[in-house]
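S.K.: Here you go, one structure.
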Amino acid sequence: MSKTRSRCLRWLLYVTNSRHLGAQRAEAFVKAFLKRSTPHMSQEARENQLHRKAVVLEYFTRRKPKEKKKKPKGLSARQRRDLRLFDIKPEQQRYSLFLPLHELWKQYIRDLCNGLKPDTQPQMIQAKLLKADLHGAIISVTKSKCPSYVGVTGILLQETKHVFKIITKEDRLKVIPKLNCVFTVEIDGFISYIYGSKFQLRSSERSAKKFKAKGTIDL
């Protein structure tokens with residue numbers, strides 16, 4: 001038992017001496033490093049400088065948490081329907097009221113096509129019209145699976161994904177489905193065809209849509 005205790009004491013003494021020696025070496029290294037780094041300062045001035053000032057090794061800035069901005073919620077499609085925001089009142093369903101809108105639309109298309117000249121390529125006008133806003137255009141139904149739609153002509157008042165709402169010269173509001181119908185748009189002698197089955201998009205979505213040069217319809 002005494003041999004074991006003496007071995008433990010010797011081991012503890014060895015560890016203590018090793019730590020003490022390591023601390024002495026570390027202290028000597030620091031002093032030598034400071035002396036090399038500040039050769040113009042005396043040992044006394046160096047120690048005073050170290051004791052007077054705190055050395056900041058690292059500094060972290062506290063970031064303020066970002067406040068989430070609450071976006072105002074708009075009305076849903078169902079709420080807009082319930083409020084009847086887009087309904088055209090009967091007293092407003094008059095063709096003459098929307099003729100100024102048609103004149104504005106013609107000027108808009110002329111500016112969009114850089115002027116509609118006789119030598120302008122019809123393909124260019126067709127491509128522009130397919131992506132343009134058609135509210136105010138005079139459109140006609142030239143072909144349809146439903147014979148009662150053929151021949152309907154008027155100013156386009158509203159466009160949704162699936163229908164055109166047109167006011168005719170007889171002051172009647174017509175709702176024409178795009179599906180299985182072919183429409184024509186005429187401006188300054190240029191006639192463009194719209195194949196409704198391929199045109200079932202919202203007006204805001206057409207700018208990124210690529211249309212084929214020729215449409216097809218099963219009639």
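Ligands are numbered from 1 in the order shown, residues from 1 within each chain, and chains are lettered A, B, ... in the order they appear in the structure tokens.
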Using only C-alpha atoms, which residues sit within 12 Å of Leu173 in chain A once same-chain residues fewer than 4 positions away are excluded, as a list in words?
M.R.: Asp87, Ile88, Lys89, Pro90, Glu91, Gln92, Gln93, Arg94, Tyr95, Val152, Thr153, Gly154, Ile155, Leu156, Leu157, Gln158, Phe164, Lys165, Ile166, Ile167, Thr168 and Lys169 of chain A
S.K.: Once you have the residues from the selection above, write them out as a compact mmCIF listing (two decimals), in the first residue's frame, restricted to N, CA and C atoms.
M.R.:
```txt
# COMPACT_ATOMS: atom_id res chain seq x y z
N ASP A 87 -69.21 44.35 -62.03
CA ASP A 87 -70.47 44.33 -62.78
C ASP A 87 -70.72 45.69 -63.42
N ILE A 88 -71.17 45.67 -64.67
CA ILE A 88 -71.51 46.90 -65.38
C ILE A 88 -73.01 47.15 -65.19
N LYS A 89 -73.34 48.27 -64.59
CA LYS A 89 -74.73 48.57 -64.29
C LYS A 89 -75.53 48.76 -65.58
N PRO A 90 -76.81 48.46 -65.57
CA PRO A 90 -77.63 48.58 -66.79
C PRO A 90 -77.62 49.98 -67.39
N GLU A 91 -77.60 51.01 -66.55
CA GLU A 91 -77.59 52.37 -67.09
C GLU A 91 -76.27 52.74 -67.76
N GLN A 92 -75.23 51.94 -67.48
CA GLN A 92 -73.92 52.18 -68.09
C GLN A 92 -73.69 51.33 -69.34
N GLN A 93 -74.63 50.47 -69.67
CA GLN A 93 -74.47 49.58 -70.82
C GLN A 93 -74.93 50.29 -72.10
N ARG A 94 -74.14 51.29 -72.48
CA ARG A 94 -74.43 52.06 -73.70
C ARG A 94 -73.18 52.13 -74.56
N TYR A 95 -73.34 51.79 -75.83
CA TYR A 95 -72.22 51.72 -76.76
C TYR A 95 -71.51 53.07 -76.88
N VAL A 152 -71.63 38.54 -83.87
CA VAL A 152 -71.69 39.50 -82.76
C VAL A 152 -70.46 40.39 -82.82
N THR A 153 -70.67 41.70 -82.82
CA THR A 153 -69.59 42.68 -82.92
C THR A 153 -69.81 43.77 -81.88
N GLY A 154 -68.74 44.19 -81.27
CA GLY A 154 -68.86 45.27 -80.29
C GLY A 154 -67.53 45.61 -79.66
N ILE A 155 -67.56 46.54 -78.72
CA ILE A 155 -66.35 46.99 -78.01
C ILE A 155 -66.12 46.07 -76.82
N LEU A 156 -64.90 45.61 -76.69
CA LEU A 156 -64.56 44.72 -75.58
C LEU A 156 -64.46 45.54 -74.28
N LEU A 157 -65.29 45.18 -73.31
CA LEU A 157 -65.29 45.90 -72.03
C LEU A 157 -64.53 45.16 -70.95
N GLN A 158 -64.68 43.84 -70.91
CA GLN A 158 -64.02 43.05 -69.89
C GLN A 158 -63.52 41.75 -70.49
N PHE A 164 -65.13 36.86 -73.10
CA PHE A 164 -65.09 38.27 -73.48
C PHE A 164 -66.47 38.87 -73.18
N LYS A 165 -66.48 40.06 -72.59
CA LYS A 165 -67.73 40.80 -72.40
C LYS A 165 -67.73 41.97 -73.36
N ILE A 166 -68.72 41.98 -74.27
CA ILE A 166 -68.76 42.93 -75.38
C ILE A 166 -70.05 43.76 -75.31
N ILE A 167 -69.93 45.06 -75.58
CA ILE A 167 -71.10 45.91 -75.70
C ILE A 167 -71.35 46.17 -77.18
N THR A 168 -72.52 45.84 -77.66
CA THR A 168 -72.84 45.98 -79.08
C THR A 168 -73.44 47.36 -79.37
N LYS A 169 -73.60 47.65 -80.66
CA LYS A 169 -74.19 48.94 -81.06
C LYS A 169 -75.65 49.05 -80.61
```
S.K.: Show which residues sit within 12 Å of Asn114 in chain A, as a ChimeraX atom specification. Count only C-alpha atoms, and ignore same-chain residues fewer than 4 positions away.
M.R.: /A:107-110,120-121,124-125,128
S.K.: Residues as selected, all heavy atoms, written as a compact mmCIF listing (two decimals), in the first residue's frame, can you do that?
M.R.:
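As a result, again33.txt now contains:
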```
# COMPACT_ATOMS: atom_id res chain seq x y z
N GLN A 107 -55.08 54.41 -80.48
CA GLN A 107 -53.84 55.16 -80.34
C GLN A 107 -52.78 54.34 -79.61
O GLN A 107 -51.60 54.37 -79.95
CB GLN A 107 -54.10 56.47 -79.58
CG GLN A 107 -52.91 57.42 -79.55
CD GLN A 107 -52.44 57.79 -80.94
OE1 GLN A 107 -53.25 58.14 -81.81
NE2 GLN A 107 -51.14 57.72 -81.18
N TYR A 108 -53.23 53.55 -78.64
CA TYR A 108 -52.32 52.66 -77.90
C TYR A 108 -51.68 51.63 -78.84
O TYR A 108 -50.48 51.37 -78.78
CB TYR A 108 -53.10 52.00 -76.76
CG TYR A 108 -52.56 50.69 -76.26
CD1 TYR A 108 -51.33 50.59 -75.62
CD2 TYR A 108 -53.30 49.51 -76.44
CE1 TYR A 108 -50.86 49.37 -75.17
CE2 TYR A 108 -52.84 48.29 -75.98
CZ TYR A 108 -51.61 48.22 -75.35
OH TYR A 108 -51.14 47.01 -74.90
N ILE A 109 -52.48 51.04 -79.73
CA ILE A 109 -51.96 50.03 -80.66
C ILE A 109 -51.03 50.69 -81.68
O ILE A 109 -50.00 50.12 -82.05
CB ILE A 109 -53.12 49.29 -81.35
CG1 ILE A 109 -53.92 48.49 -80.32
CG2 ILE A 109 -52.59 48.36 -82.44
CD1 ILE A 109 -53.12 47.43 -79.59
N ARG A 110 -51.37 51.87 -82.14
CA ARG A 110 -50.49 52.57 -83.09
C ARG A 110 -49.13 52.85 -82.47
O ARG A 110 -48.09 52.68 -83.11
CB ARG A 110 -51.15 53.87 -83.55
CG ARG A 110 -52.37 53.66 -84.44
CD ARG A 110 -52.99 54.97 -84.85
NE ARG A 110 -54.25 54.77 -85.59
CZ ARG A 110 -55.38 55.36 -85.26
NH1 ARG A 110 -55.46 56.18 -84.22
NH2 ARG A 110 -56.47 55.13 -85.98
N THR A 120 -46.28 47.90 -93.24
CA THR A 120 -46.03 47.17 -91.99
C THR A 120 -46.38 45.69 -92.17
O THR A 120 -47.40 45.36 -92.78
CB THR A 120 -46.86 47.75 -90.84
OG1 THR A 120 -46.59 49.15 -90.73
CG2 THR A 120 -46.52 47.08 -89.52
N GLN A 121 -45.53 44.83 -91.64
CA GLN A 121 -45.75 43.39 -91.77
C GLN A 121 -46.95 42.95 -90.93
O GLN A 121 -47.01 43.22 -89.72
CB GLN A 121 -44.51 42.61 -91.32
CG GLN A 121 -43.30 42.81 -92.20
CD GLN A 121 -43.50 42.22 -93.59
OE1 GLN A 121 -44.21 41.22 -93.75
NE2 GLN A 121 -42.89 42.83 -94.58
N MET A 124 -46.17 41.02 -87.73
CA MET A 124 -45.73 41.80 -86.58
C MET A 124 -46.91 42.37 -85.81
O MET A 124 -46.94 42.34 -84.57
CB MET A 124 -44.81 42.94 -87.05
CG MET A 124 -44.16 43.75 -85.91
SD MET A 124 -45.14 45.14 -85.33
CE MET A 124 -44.95 46.25 -86.73
N ILE A 125 -47.92 42.86 -86.54
CA ILE A 125 -49.11 43.39 -85.88
C ILE A 125 -49.85 42.29 -85.14
O ILE A 125 -50.32 42.47 -84.01
CB ILE A 125 -50.03 44.05 -86.93
CG1 ILE A 125 -49.30 45.21 -87.62
CG2 ILE A 125 -51.31 44.56 -86.27
CD1 ILE A 125 -50.06 45.84 -88.75
N LYS A 128 -48.06 41.52 -81.93
CA LYS A 128 -48.26 42.59 -80.94
C LYS A 128 -49.66 42.52 -80.33
O LYS A 128 -49.84 42.68 -79.12
CB LYS A 128 -48.05 43.95 -81.59
CG LYS A 128 -46.62 44.22 -82.06
CD LYS A 128 -45.71 44.55 -80.91
CE LYS A 128 -44.33 44.97 -81.42
NZ LYS A 128 -43.41 45.28 -80.30
```
S.K.: Counting only C-alpha atoms, which of A:Gln24, A:Leu101, A:Arg62, A:Ser96 gets nearest to Arg172 in chain A?
M.R.: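 Nearest candidate to Arg172 in chain A out of A:Gln24, A:Leu101, A:Arg62, A:Ser96: A:Ser96.
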